[in-house]
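Asker: Sending over run-v4.cif (mmCIF, C-alpha atoms).
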```
data_data
loop_
_atom_site.label_atom_id
_atom_site.label_comp_id
_atom_site.auth_asym_id
_atom_site.auth_seq_id
_atom_site.Cartn_x
_atom_site.Cartn_y
_atom_site.Cartn_z
CA MET A 1 -6.01 21.32 39.95
CA LYS A 2 -4.09 18.32 38.66
CA ILE A 3 -5.68 16.67 35.61
CA PRO A 4 -6.71 13.12 36.64
CA PHE A 5 -6.79 11.51 33.18
CA LYS A 6 -3.91 11.02 30.76
CA TYR A 7 -3.82 10.02 27.09
CA GLY A 8 -1.37 10.37 24.22
CA GLU A 9 1.61 9.58 26.44
CA ILE A 10 2.96 6.81 28.65
CA VAL A 11 0.81 6.43 31.75
CA HIS A 12 2.01 4.89 35.01
CA GLN A 13 1.33 4.68 38.72
CA VAL A 14 -1.94 6.57 39.50
CA GLN A 15 -3.10 6.66 35.86
CA PHE A 16 -2.20 3.04 35.20
CA VAL A 17 -5.29 0.83 35.30
CA ASN A 18 -5.23 -2.82 36.44
CA ARG A 19 -3.58 -5.33 34.05
CA ASP A 20 -2.49 -7.24 37.16
CA GLN A 21 -2.17 -10.58 35.37
CA ASP A 22 -0.36 -9.05 32.39
CA ARG A 23 2.06 -7.27 34.73
CA LYS A 24 2.80 -10.44 36.67
CA ARG A 25 3.30 -12.54 33.55
CA LEU A 26 5.51 -9.98 31.81
CA ALA A 27 7.59 -9.32 34.93
CA GLN A 28 8.12 -13.04 35.56
CA ASN A 29 9.12 -13.62 31.93
CA LEU A 30 11.65 -10.80 31.83
CA LYS A 31 13.16 -11.53 35.25
CA SER A 32 13.62 -15.18 34.33
CA GLY A 33 15.20 -14.37 30.97
CA LEU A 34 12.25 -15.37 28.78
CA ASN A 35 11.96 -13.16 25.69
CA THR A 36 8.47 -11.69 25.32
CA MET A 37 6.57 -10.20 22.41
CA LEU A 38 3.55 -7.97 23.06
CA ILE A 39 0.95 -7.86 20.30
CA SER A 40 -2.18 -5.72 20.19
CA PRO A 41 -3.71 -2.90 18.14
CA ARG A 42 -2.49 0.67 18.51
CA ARG A 43 -3.02 2.64 21.71
CA TRP A 44 -4.12 -0.27 23.86
CA GLY A 45 -1.38 0.41 26.39
CA LYS A 46 1.59 -1.79 25.45
CA SER A 47 4.24 0.86 26.13
CA SER A 48 2.59 1.87 29.40
CA LEU A 49 2.50 -1.76 30.51
CA VAL A 50 6.22 -2.28 29.83
CA LYS A 51 7.15 0.99 31.59
CA GLN A 52 5.02 0.08 34.60
CA VAL A 53 6.67 -3.35 34.87
CA ALA A 54 10.06 -1.64 34.70
CA LEU A 55 9.10 0.80 37.48
CA GLU A 56 7.96 -2.05 39.69
CA ASN A 57 10.90 -4.38 39.06
CA GLU A 58 14.06 -2.42 38.25
CA SER A 59 16.84 -2.94 40.79
CA THR A 60 20.62 -2.97 41.09
CA LYS A 61 20.59 -6.45 39.57
CA LEU A 62 17.89 -5.88 36.94
CA ARG A 63 18.19 -2.96 34.51
CA PHE A 64 15.73 -1.91 31.80
CA CYS A 65 16.99 -0.44 28.52
CA PHE A 66 14.41 1.30 26.27
CA ILE A 67 14.84 1.86 22.52
CA ASP A 68 12.15 3.32 20.26
CA LEU A 69 12.63 2.16 16.67
CA PHE A 70 10.18 4.77 15.38
CA HIS A 71 13.01 7.30 15.01
CA ILE A 72 15.70 4.87 13.80
CA LYS A 73 16.08 4.80 10.02
CA ASP A 74 18.68 2.10 9.34
CA GLU A 75 20.82 -0.70 10.73
CA GLU A 76 23.85 1.49 11.42
CA GLU A 77 21.82 3.93 13.51
CA PHE A 78 20.28 1.03 15.40
CA TYR A 79 23.74 -0.17 16.47
CA GLN A 80 24.66 3.33 17.65
CA VAL A 81 21.49 3.73 19.72
CA LEU A 82 21.70 0.19 21.13
CA THR A 83 25.32 0.75 22.21
CA LYS A 84 24.59 4.11 23.80
CA GLU A 85 21.51 2.96 25.73
CA VAL A 86 23.04 -0.29 26.95
CA LEU A 87 26.15 1.53 28.18
CA LYS A 88 23.95 3.98 30.10
CA VAL A 89 21.96 1.30 31.93
CA SER A 90 25.05 -0.77 32.70
CA SER A 91 26.73 2.07 34.62
CA SER A 92 26.32 5.77 35.43
CA LYS A 93 30.07 6.42 35.22
CA MET A 94 31.78 7.75 32.12
CA ASP A 95 35.00 5.93 33.09
CA ASP A 96 33.14 2.62 32.93
CA TRP A 97 31.73 3.43 29.49
CA LEU A 98 35.16 4.24 28.10
CA ARG A 99 36.58 1.05 29.57
CA TYR A 100 33.80 -1.05 28.04
CA ILE A 101 34.24 0.61 24.64
CA LYS A 102 37.97 -0.03 24.72
CA THR A 103 37.53 -3.62 25.90
CA PHE A 104 34.65 -4.77 23.71
CA LEU A 105 34.43 -2.42 20.71
CA GLN A 106 37.98 -1.43 19.81
CA LYS A 107 37.80 -3.11 16.41
CA LEU A 108 34.97 -0.78 15.36
CA SER A 109 37.00 2.44 15.58
CA PRO A 110 34.47 4.18 17.87
CA LYS A 111 34.12 7.97 17.93
CA ILE A 112 32.80 9.48 21.17
CA SER A 113 31.18 12.87 21.71
CA VAL A 114 30.49 14.15 25.24
CA GLY A 115 28.63 17.34 26.21
CA ILE A 116 28.42 19.29 29.46
CA ASP A 117 26.08 16.67 30.91
CA PRO A 118 27.73 13.33 29.98
CA ILE A 119 24.81 11.19 31.14
CA ASN A 120 22.31 12.88 28.82
CA ASP A 121 24.63 14.33 26.20
CA PHE A 122 26.69 11.35 25.09
CA GLU A 123 26.98 10.08 21.53
CA ILE A 124 28.93 7.24 19.95
CA SER A 125 29.45 6.37 16.30
CA PHE A 126 31.46 3.81 14.35
CA ASP A 127 33.26 3.49 11.08
CA TYR A 128 30.68 2.16 8.62
CA HIS A 129 32.99 -0.41 7.04
CA GLN A 130 33.99 -1.73 10.46
CA VAL A 131 30.34 -2.07 11.44
CA SER A 132 29.59 -4.20 8.40
CA LYS A 133 32.42 -6.57 9.36
CA ASN A 134 32.00 -6.56 13.15
CA TYR A 135 28.26 -6.04 13.73
CA LYS A 136 28.17 -9.13 15.92
CA ASP A 137 30.35 -7.37 18.50
CA LEU A 138 27.68 -4.69 18.78
CA LEU A 139 24.80 -7.15 19.04
CA ASP A 140 26.64 -9.11 21.73
CA LEU A 141 27.58 -6.01 23.73
CA PRO A 142 24.53 -6.19 26.09
CA GLU A 143 25.42 -9.78 27.01
CA LYS A 144 29.09 -8.93 27.61
CA LEU A 145 28.24 -5.91 29.76
CA ALA A 146 25.68 -7.78 31.83
CA LYS A 147 28.11 -10.62 32.41
CA ASP A 148 30.92 -8.21 33.34
CA LYS A 149 28.68 -6.30 35.80
CA ASN A 150 26.93 -9.42 37.13
CA ILE A 151 23.52 -7.99 36.30
CA LYS A 152 20.56 -8.82 34.07
CA ILE A 153 19.46 -6.38 31.38
CA VAL A 154 16.03 -6.22 29.77
CA VAL A 155 16.23 -4.66 26.29
CA CYS A 156 12.82 -3.21 25.37
CA LEU A 157 12.29 -2.39 21.69
CA ASP A 158 9.21 -0.35 20.85
CA GLU A 159 7.79 -0.10 17.30
CA PHE A 160 9.67 -3.29 16.47
CA GLN A 161 7.87 -3.68 13.13
CA ASN A 162 9.76 -0.60 11.88
CA LEU A 163 12.68 -2.90 11.08
CA SER A 164 10.81 -3.42 7.82
CA ARG A 165 12.03 0.05 6.73
CA PHE A 166 15.69 -0.98 6.90
CA ASN A 167 17.66 -2.10 3.87
CA ASP A 168 17.29 -5.88 3.66
CA PRO A 169 15.15 -6.23 6.82
CA LEU A 170 15.10 -10.02 6.60
CA LEU A 171 18.90 -10.22 6.75
CA PHE A 172 18.92 -7.84 9.72
CA GLN A 173 16.36 -9.95 11.59
CA GLN A 174 18.47 -13.02 10.89
CA ARG A 175 21.50 -11.27 12.40
CA LEU A 176 19.53 -10.24 15.49
CA ARG A 177 18.15 -13.73 16.05
CA ALA A 178 21.52 -15.42 15.48
CA SER A 179 23.11 -13.36 18.27
CA TRP A 180 20.22 -12.87 20.68
CA GLN A 181 19.26 -16.53 20.95
CA HIS A 182 22.57 -17.24 22.71
CA HIS A 183 22.29 -14.48 25.33
CA LYS A 184 21.93 -15.75 28.91
CA HIS A 185 22.02 -12.48 30.87
CA ILE A 186 19.65 -10.54 28.59
CA SER A 187 15.93 -10.80 27.96
CA TYR A 188 14.22 -8.99 25.10
CA CYS A 189 10.79 -7.39 25.13
CA LEU A 190 9.60 -6.61 21.60
CA TYR A 191 6.40 -4.70 20.90
CA GLY A 192 4.86 -2.41 18.33
CA SER A 193 1.74 -0.70 17.02
CA LYS A 194 1.22 -2.54 13.71
CA LYS A 195 -0.60 -5.65 14.83
CA HIS A 196 -0.63 -7.58 11.54
CA MET A 197 3.04 -6.87 10.83
CA MET A 198 3.97 -7.98 14.35
CA ILE A 199 1.99 -11.19 13.99
CA ASP A 200 3.76 -11.95 10.71
CA ILE A 201 7.19 -11.37 12.28
CA PHE A 202 6.59 -13.68 15.24
CA GLN A 203 4.11 -16.29 14.01
CA ASN A 204 5.23 -16.83 10.42
CA LYS A 205 7.32 -20.02 10.33
CA SER A 206 9.55 -18.63 7.60
CA MET A 207 10.57 -15.56 9.64
CA PRO A 208 13.72 -15.44 11.84
CA PHE A 209 11.84 -14.51 15.02
CA TYR A 210 9.41 -17.43 14.85
CA LYS A 211 9.27 -19.05 18.32
CA PHE A 212 11.64 -16.48 19.78
CA GLY A 213 9.79 -16.46 23.10
CA ASP A 214 6.43 -15.95 24.78
CA ILE A 215 3.82 -14.10 22.74
CA MET A 216 1.35 -12.05 24.78
CA PHE A 217 -1.80 -10.86 23.03
CA LEU A 218 -2.88 -7.83 25.03
CA GLU A 219 -6.62 -7.66 25.68
CA LYS A 220 -8.77 -4.65 26.50
CA ILE A 221 -9.10 -3.65 30.15
CA ALA A 222 -12.38 -4.94 31.61
CA THR A 223 -15.23 -2.48 32.25
CA GLN A 224 -15.28 -2.95 36.03
CA HIS A 225 -11.64 -1.86 36.32
CA TRP A 226 -12.25 1.25 34.22
CA VAL A 227 -15.34 2.18 36.24
CA LYS A 228 -13.52 1.83 39.55
CA TYR A 229 -10.65 3.95 38.23
CA MET A 230 -12.90 6.67 36.80
CA CYS A 231 -15.00 7.02 39.94
CA LYS A 232 -11.82 7.26 42.02
CA GLN A 233 -10.26 9.90 39.75
CA PHE A 234 -13.41 12.05 39.76
CA ALA A 235 -13.72 11.78 43.54
CA ALA A 236 -10.07 12.76 44.01
CA THR A 237 -10.88 16.14 42.38
CA ASN A 238 -14.14 16.66 44.33
CA LYS A 239 -16.36 15.67 41.42
CA HIS A 240 -18.82 12.79 41.18
CA ILE A 241 -19.79 10.31 38.48
CA GLU A 242 -22.34 7.53 38.90
CA LYS A 243 -21.14 4.03 38.08
CA SER A 244 -23.80 3.69 35.38
CA LEU A 245 -22.51 6.80 33.62
CA ALA A 246 -18.92 5.62 33.92
CA GLU A 247 -20.00 2.34 32.30
CA GLU A 248 -21.68 4.33 29.52
CA ILE A 249 -18.43 6.21 28.79
CA VAL A 250 -16.45 2.97 28.65
CA GLY A 251 -19.06 1.36 26.41
CA LYS A 252 -19.15 4.28 23.98
CA VAL A 253 -15.48 3.76 23.13
CA LYS A 254 -15.52 -0.02 23.58
CA ASN A 255 -12.97 -0.16 26.43
CA HIS A 256 -10.25 1.33 24.21
CA SER A 257 -7.57 2.54 26.66
CA TYR A 258 -6.64 5.75 24.83
CA TYR A 259 -10.23 6.84 24.22
CA VAL A 260 -11.50 5.93 27.69
CA GLN A 261 -8.88 8.28 29.12
CA GLN A 262 -9.57 10.97 26.53
CA LEU A 263 -13.35 10.88 26.81
CA SER A 264 -13.14 10.76 30.62
CA HIS A 265 -10.94 13.86 30.47
CA LEU A 266 -13.42 15.69 28.23
CA VAL A 267 -16.27 14.79 30.58
CA TRP A 268 -14.20 15.85 33.60
CA ILE A 269 -13.36 19.31 32.27
CA ARG A 270 -17.07 19.96 31.55
CA THR A 271 -18.15 18.86 35.03
CA SER A 272 -18.48 21.24 37.95
CA ASP A 273 -19.93 18.82 40.49
CA ASN A 274 -21.86 15.88 39.03
CA VAL A 275 -21.68 14.19 35.64
CA ASP A 276 -24.94 13.90 33.69
CA GLU A 277 -26.04 12.61 30.27
CA GLU A 278 -25.82 16.02 28.60
CA ILE A 279 -22.20 16.43 29.68
CA ILE A 280 -21.32 13.00 28.24
CA ASN A 281 -23.08 13.78 24.94
CA GLN A 282 -21.22 17.07 24.59
CA ALA A 283 -17.92 15.40 25.47
CA ILE A 284 -18.49 12.81 22.73
CA LYS A 285 -19.07 15.62 20.23
CA ASP A 286 -15.81 17.21 21.42
CA LEU A 287 -14.00 13.90 20.95
CA LEU A 288 -15.26 13.46 17.40
CA ASN A 289 -14.57 17.09 16.48
CA GLN A 290 -10.98 16.80 17.71
CA ASN A 291 -10.43 13.78 15.47
CA SER A 292 -12.58 14.87 12.53
CA ILE A 293 -9.71 16.04 10.29
CA LEU A 294 -7.82 12.78 10.80
CA PHE A 295 -10.89 10.65 10.16
CA THR A 296 -11.78 12.66 7.04
CA LYS A 297 -8.31 11.99 5.64
CA GLU A 298 -8.76 8.27 6.29
CA ILE A 299 -12.05 8.26 4.39
CA GLU A 300 -10.52 10.13 1.46
CA LEU A 301 -8.06 7.25 0.99
CA LEU A 302 -10.82 4.64 0.73
CA SER A 303 -12.60 3.42 -2.38
CA ASN A 304 -16.39 3.53 -2.68
CA THR A 305 -16.66 -0.22 -2.17
CA GLN A 306 -14.50 -0.02 0.95
CA ILE A 307 -16.78 2.69 2.37
CA SER A 308 -19.79 0.56 1.48
CA PHE A 309 -18.21 -2.40 3.28
CA LEU A 310 -17.82 -0.23 6.40
CA GLN A 311 -21.45 0.87 6.10
CA ALA A 312 -22.50 -2.78 6.09
CA LEU A 313 -20.27 -3.48 9.08
CA SER A 314 -21.71 -0.55 11.03
CA ASP A 315 -25.22 -1.84 10.22
CA GLY A 316 -24.37 -5.10 11.96
CA VAL A 317 -23.82 -7.28 8.88
CA GLU A 318 -21.82 -10.41 9.72
CA SER A 319 -22.13 -12.45 6.53
CA PHE A 320 -20.91 -10.34 3.63
CA HIS A 321 -21.01 -12.96 0.87
CA THR A 322 -24.79 -13.26 0.47
CA ASN A 323 -26.32 -11.94 -2.75
CA LYS A 324 -28.64 -9.70 -0.72
CA VAL A 325 -25.77 -7.95 1.10
CA ILE A 326 -23.63 -7.65 -2.04
CA SER A 327 -26.54 -6.09 -3.94
CA GLN A 328 -27.74 -3.82 -1.12
CA TYR A 329 -24.29 -2.34 -0.40
CA LYS A 330 -22.99 -2.51 -4.00
CA LEU A 331 -19.92 -4.55 -3.09
CA GLY A 332 -19.33 -5.85 -6.62
CA SER A 333 -19.01 -9.61 -6.27
CA SER A 334 -18.41 -12.31 -3.70
CA SER A 335 -14.77 -12.66 -4.77
CA ASN A 336 -14.29 -8.92 -4.20
CA ILE A 337 -15.26 -9.17 -0.51
CA SER A 338 -11.99 -10.78 0.56
CA ARG A 339 -9.96 -8.13 -1.26
CA ILE A 340 -11.93 -5.32 0.40
CA LYS A 341 -11.60 -6.92 3.82
CA GLY A 342 -7.86 -7.49 3.35
CA ALA A 343 -7.28 -3.90 2.24
CA LEU A 344 -9.17 -2.48 5.24
CA GLU A 345 -7.25 -4.74 7.62
CA LYS A 346 -3.95 -3.64 6.10
CA LYS A 347 -4.99 0.00 6.57
CA GLU A 348 -5.77 -0.90 10.22
CA ILE A 349 -9.37 0.24 9.98
CA ILE A 350 -10.98 -3.10 10.80
CA ASP A 351 -9.87 -6.22 12.62
CA THR A 352 -11.30 -9.47 13.91
CA PHE A 353 -12.26 -9.42 17.57
CA SER A 354 -13.05 -13.05 18.20
CA PRO A 355 -15.31 -14.09 16.73
CA LYS A 356 -16.62 -10.95 15.01
CA LEU A 357 -15.19 -8.40 12.60
CA GLY A 358 -15.22 -4.83 13.89
CA PHE A 359 -13.83 -1.31 13.63
CA LEU A 360 -10.35 -1.05 15.12
CA ASP A 361 -10.85 2.58 16.21
CA PRO A 362 -14.11 3.04 18.19
CA ALA A 363 -14.03 6.85 17.85
CA PHE A 364 -13.71 6.48 14.08
CA GLN A 365 -16.72 4.14 14.17
CA LEU A 366 -18.81 6.74 16.05
CA TRP A 367 -17.74 9.43 13.59
CA PHE A 368 -18.37 7.18 10.57
CA GLU A 369 -21.86 6.26 11.75
CA MET A 370 -22.67 9.96 12.30
CA TYR A 371 -21.78 10.89 8.72
CA PHE A 372 -22.39 7.73 6.65
CA LYS A 373 -25.43 6.05 8.17
#
```
Output the file's structure as structure tokens, nothing else.
Answerer:
Amino acid sequence: MKIPFKYGEIVHQVQFVNRDQDRKRLAQNLKSGLNTMLISPRRWGKSSLVKQVALENESTKLRFCFIDLFHIKDEEEFYQVLTKEVLKVSSSKMDDWLRYIKTFLQKLSPKISVGIDPINDFEISFDYHQVSKNYKDLLDLPEKLAKDKNIKIVVCLDEFQNLSRFNDPLLFQQRLRASWQHHKHISYCLYGSKKHMMIDIFQNKSMPFYKFGDIMFLEKIATQHWVKYMCKQFAATNKHIEKSLAEEIVGKVKNHSYYVQQLSHLVWIRTSDNVDEEIINQAIKDLLNQNSILFTKEIELLSNTQISFLQALSDGVESFHTNKVISQYKLGSSSNISRIKGALEKKEIIDTFSPKLGFLDPAFQLWFEMYFK
């Protein structure tokens, strides 16, 4: 029997839930050439959204190029990957690639390696010294190819905040912005999993990518959409879940896309015919046990006052600066509160969900409350 719930990987088509307005907005932006930045916490579905938009909109005139910066360690490697991926989406013919390289990149002394399967086993590298002098030719390659082929290319860069690992990341961002802002046949979709770093890149006035395009803050998927999806997926495998129990599952993990899928899967594999409360409770225990080692490691990296701050947060405290709260949870002093809060935000353990502060990871919150209440 096919598993009806997916997590830990890109989901699309049957497993993709709603986001109709986000899909329409993102598709319209990218088709019209408007650069778009997606910002949200980890595992809320940014990559799945971009892939779904690509599936629904790619055509002979609109091509999507995907680059994951998670595995790219420096500027030189970025240029190699960008060149390779843009060549592949511009044409499926090796002869075209060689012609483009000769026409647009000759100054960079390119070296080409081709395997048995050229489409999937194709590598290109450049002389390092030539790259440092002619990097603009590489950054402008997508625009030149799109213009030559009379197409539009959408360059999608995942884990964009990883540029911070490069040598002199500010200079590199300046180079990207200087070239990309003049491209007419290319639109850029930039997204990543480090929310606060992404916000700094795109909303800090001193940063090169300030006002680079439309910023989309991805929200959680509404409960009614999750419930409809879950009931449908259970029914498709001859199992049944009441709407009220589906709502309970969504509420337990606070509409978090990754955990709704994971907890639904754990409930599904325990269900023979009908879901009940006991099955949900056991599935929650499974969920927390699967993540226990990871959560324990997170706790080990926290100070006592940071743990105390989280205890106060889990108890529903909203005003942390009162003498009563500081004394009860041993938080040190009022001036120390901001430092604790800032450190926990940087570690991506808490965040502000307008207007309240809360745990970023709902499964971690459930686990924390089990062991630290």
Asker: Written as a PDB file with C-alpha atoms, keeping the file's coordinate frame, which residues does the PyMOL selection byres ((chain A and resi 72) around 12) give for the file shown?
Answerer:
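Generated file (out37.pdb):
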```pdb
ATOM      1  CA  ILE A  67      14.840   1.860  22.520  1.00  0.00           C
ATOM      2  CA  ASP A  68      12.150   3.320  20.260  1.00  0.00           C
ATOM      3  CA  LEU A  69      12.630   2.160  16.670  1.00  0.00           C
ATOM      4  CA  PHE A  70      10.180   4.770  15.380  1.00  0.00           C
ATOM      5  CA  HIS A  71      13.010   7.300  15.010  1.00  0.00           C
ATOM      6  CA  LYS A  73      16.080   4.800  10.020  1.00  0.00           C
ATOM      7  CA  ASP A  74      18.680   2.100   9.340  1.00  0.00           C
ATOM      8  CA  GLU A  75      20.820  -0.700  10.730  1.00  0.00           C
ATOM      9  CA  GLU A  76      23.850   1.490  11.420  1.00  0.00           C
ATOM     10  CA  GLU A  77      21.820   3.930  13.510  1.00  0.00           C
ATOM     11  CA  PHE A  78      20.280   1.030  15.400  1.00  0.00           C
ATOM     12  CA  TYR A  79      23.740  -0.170  16.470  1.00  0.00           C
ATOM     13  CA  GLN A  80      24.660   3.330  17.650  1.00  0.00           C
ATOM     14  CA  VAL A  81      21.490   3.730  19.720  1.00  0.00           C
ATOM     15  CA  LEU A  82      21.700   0.190  21.130  1.00  0.00           C
ATOM     16  CA  LEU A 157      12.290  -2.390  21.690  1.00  0.00           C
ATOM     17  CA  ASP A 158       9.210  -0.350  20.850  1.00  0.00           C
ATOM     18  CA  GLU A 159       7.790  -0.100  17.300  1.00  0.00           C
ATOM     19  CA  PHE A 160       9.670  -3.290  16.470  1.00  0.00           C
ATOM     20  CA  GLN A 161       7.870  -3.680  13.130  1.00  0.00           C
ATOM     21  CA  ASN A 162       9.760  -0.600  11.880  1.00  0.00           C
ATOM     22  CA  LEU A 163      12.680  -2.900  11.080  1.00  0.00           C
ATOM     23  CA  SER A 164      10.810  -3.420   7.820  1.00  0.00           C
ATOM     24  CA  ARG A 165      12.030   0.050   6.730  1.00  0.00           C
ATOM     25  CA  PHE A 166      15.690  -0.980   6.900  1.00  0.00           C
TER      26      PHE A 166
END
```
Asker: Select, from A:Ser319, A:Thr103, A:Ser327, A:Thr83, the residue with the minimum atom-to-atom distance to A:Leu139, counting all atoms listed in the file.
Answerer: A:Thr83
Asker: Expand the PyMOL selection byres ((chain A and resi 189) around 12) into the explicit residue set it covers here, and present it as an MDAnalysis selection string.
Answerer: chainID A and resid 26:27 29:31 33:39 46:47 49:51 53:54 64:68 153:160 180 186:188 190:192 212:216
Asker: Go ahead and compute the interatomic distance for atom CA of A:Phe172 and atom CA of A:Arg25, in Å to one decimal.
Answerer: 28.9 Å
Asker: Closest to A:Asp22 among A:Leu218, A:Leu287, A:Ala146, A:Ile326, using only C-alpha atoms?
Answerer: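 Nearest candidate to A:Asp22 out of A:Leu218, A:Leu287, A:Ala146, A:Ile326: A:Leu218.
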Asker: What does the distance between atom CA of A:Lys24 and atom CA of A:Tyr229 come to in Å, to one decimal place?
Answerer: 19.8 Å
Asker: Kindly give the distance, in Å, that separates atom CA of A:Asp168 and atom CA of A:Leu344, rounded to a single decimal.
Answerer: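 Atom-to-atom, atom CA of A:Asp168 and atom CA of A:Leu344 are spaced 26.7 Å apart.
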Asker: Would you pick out the contacts of A:Asp361 at 10 Å or less, using only C-alpha atoms, so that residues sharing its chain but fewer than 4 positions from it are not included, and give the list as a list in words?
Answerer: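 Counting only C-alpha atoms, the residues come to Pro41, Arg42, Arg43, Val253, Lys254, His256, Tyr259, Glu348, Ile349, Ile350, Asp351, Gln365 and Leu366 of chain A.
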Asker: Determine the nearest neighbour of A:Gln130 from the options A:Leu105, A:Leu313, A:Ile249, A:Leu170, counting all atoms listed in the file.
Answerer: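 Using all atoms listed in the file, A:Gln130 sits closest to A:Leu105.
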Asker: Tell me, as a ChimeraX atom specification, which residues lie within 10 Å of stretch 85-102 of chain A, counting all atoms listed in the file; anything in the same chain fewer than 3 positions away does not count.
Answerer: /A:60-67,80-82,105-112,114,118-120,122-124,141-146,148-155
Asker: Evaluate the PyMOL selection byres ((chain A and resi 224) around 12) against this structure - the residues, as a PyMOL selection string, please.
Answerer: chain A and resi 17-18+220-223+225-231+243-244+246-248+250-251+255
Asker: When distances are computed from all atoms listed in the file, which of A:Asn57, A:Gln181, A:Ser40, A:Thr352 shows the smallest separation from A:Lys195?
Answerer: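 Ranking A:Asn57, A:Gln181, A:Ser40, A:Thr352 by distance to A:Lys195, first place goes to A:Ser40.
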Asker: From the list A:Arg175, A:Lys341, A:Lys285, A:His240, which residue is nearest A:His321 when using all atoms listed in the file?
Answerer: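 Of all the options, A:Lys341 lies closest to A:His321.
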Asker: Could you check the closest approach to A:Lys84 for each of A:Leu138, A:Ala363, A:Leu357, A:Ile116 and tell me which residue wins, using only C-alpha atoms?
Answerer: A:Leu138
Asker: Edge lengths and centre, in Å to one decimal, as AutoDock Vina command-line options: that's what I need for the box along x, y and z that holds all listed atoms of stretch 32-46 of chain A plus 3 Å on each side.
Answerer:
```
--center_x 5.5 --center_y -6.4 --center_z 26.2 --size_x 25.3 --size_y 24.0 --size_z 22.2
```
Asker: Neighbours of A:Phe5 within 12 Å (only C-alpha atoms; same-chain residues fewer than 5 positions away dropped), as an mmCIF file with C-alpha atoms, in the coordinates of the input?
Answerer:
```cif
data_model
loop_
_atom_site.group_PDB
_atom_site.id
_atom_site.type_symbol
_atom_site.label_atom_id
_atom_site.label_comp_id
_atom_site.auth_asym_id
_atom_site.auth_seq_id
_atom_site.Cartn_x
_atom_site.Cartn_y
_atom_site.Cartn_z
ATOM 1 C CA ILE A 10 2.960 6.810 28.650
ATOM 2 C CA VAL A 11 0.810 6.430 31.750
ATOM 3 C CA HIS A 12 2.010 4.890 35.010
ATOM 4 C CA GLN A 13 1.330 4.680 38.720
ATOM 5 C CA VAL A 14 -1.940 6.570 39.500
ATOM 6 C CA GLN A 15 -3.100 6.660 35.860
ATOM 7 C CA PHE A 16 -2.200 3.040 35.200
ATOM 8 C CA VAL A 17 -5.290 0.830 35.300
ATOM 9 C CA TRP A 226 -12.250 1.250 34.220
ATOM 10 C CA TYR A 229 -10.650 3.950 38.230
ATOM 11 C CA MET A 230 -12.900 6.670 36.800
ATOM 12 C CA CYS A 231 -15.000 7.020 39.940
ATOM 13 C CA LYS A 232 -11.820 7.260 42.020
ATOM 14 C CA GLN A 233 -10.260 9.900 39.750
ATOM 15 C CA PHE A 234 -13.410 12.050 39.760
ATOM 16 C CA ALA A 236 -10.070 12.760 44.010
ATOM 17 C CA THR A 237 -10.880 16.140 42.380
ATOM 18 C CA SER A 257 -7.570 2.540 26.660
ATOM 19 C CA TYR A 258 -6.640 5.750 24.830
ATOM 20 C CA TYR A 259 -10.230 6.840 24.220
ATOM 21 C CA VAL A 260 -11.500 5.930 27.690
ATOM 22 C CA GLN A 261 -8.880 8.280 29.120
ATOM 23 C CA GLN A 262 -9.570 10.970 26.530
ATOM 24 C CA LEU A 263 -13.350 10.880 26.810
ATOM 25 C CA SER A 264 -13.140 10.760 30.620
ATOM 26 C CA HIS A 265 -10.940 13.860 30.470
ATOM 27 C CA LEU A 266 -13.420 15.690 28.230
ATOM 28 C CA VAL A 267 -16.270 14.790 30.580
ATOM 29 C CA TRP A 268 -14.200 15.850 33.600
ATOM 30 C CA ILE A 269 -13.360 19.310 32.270
#
```
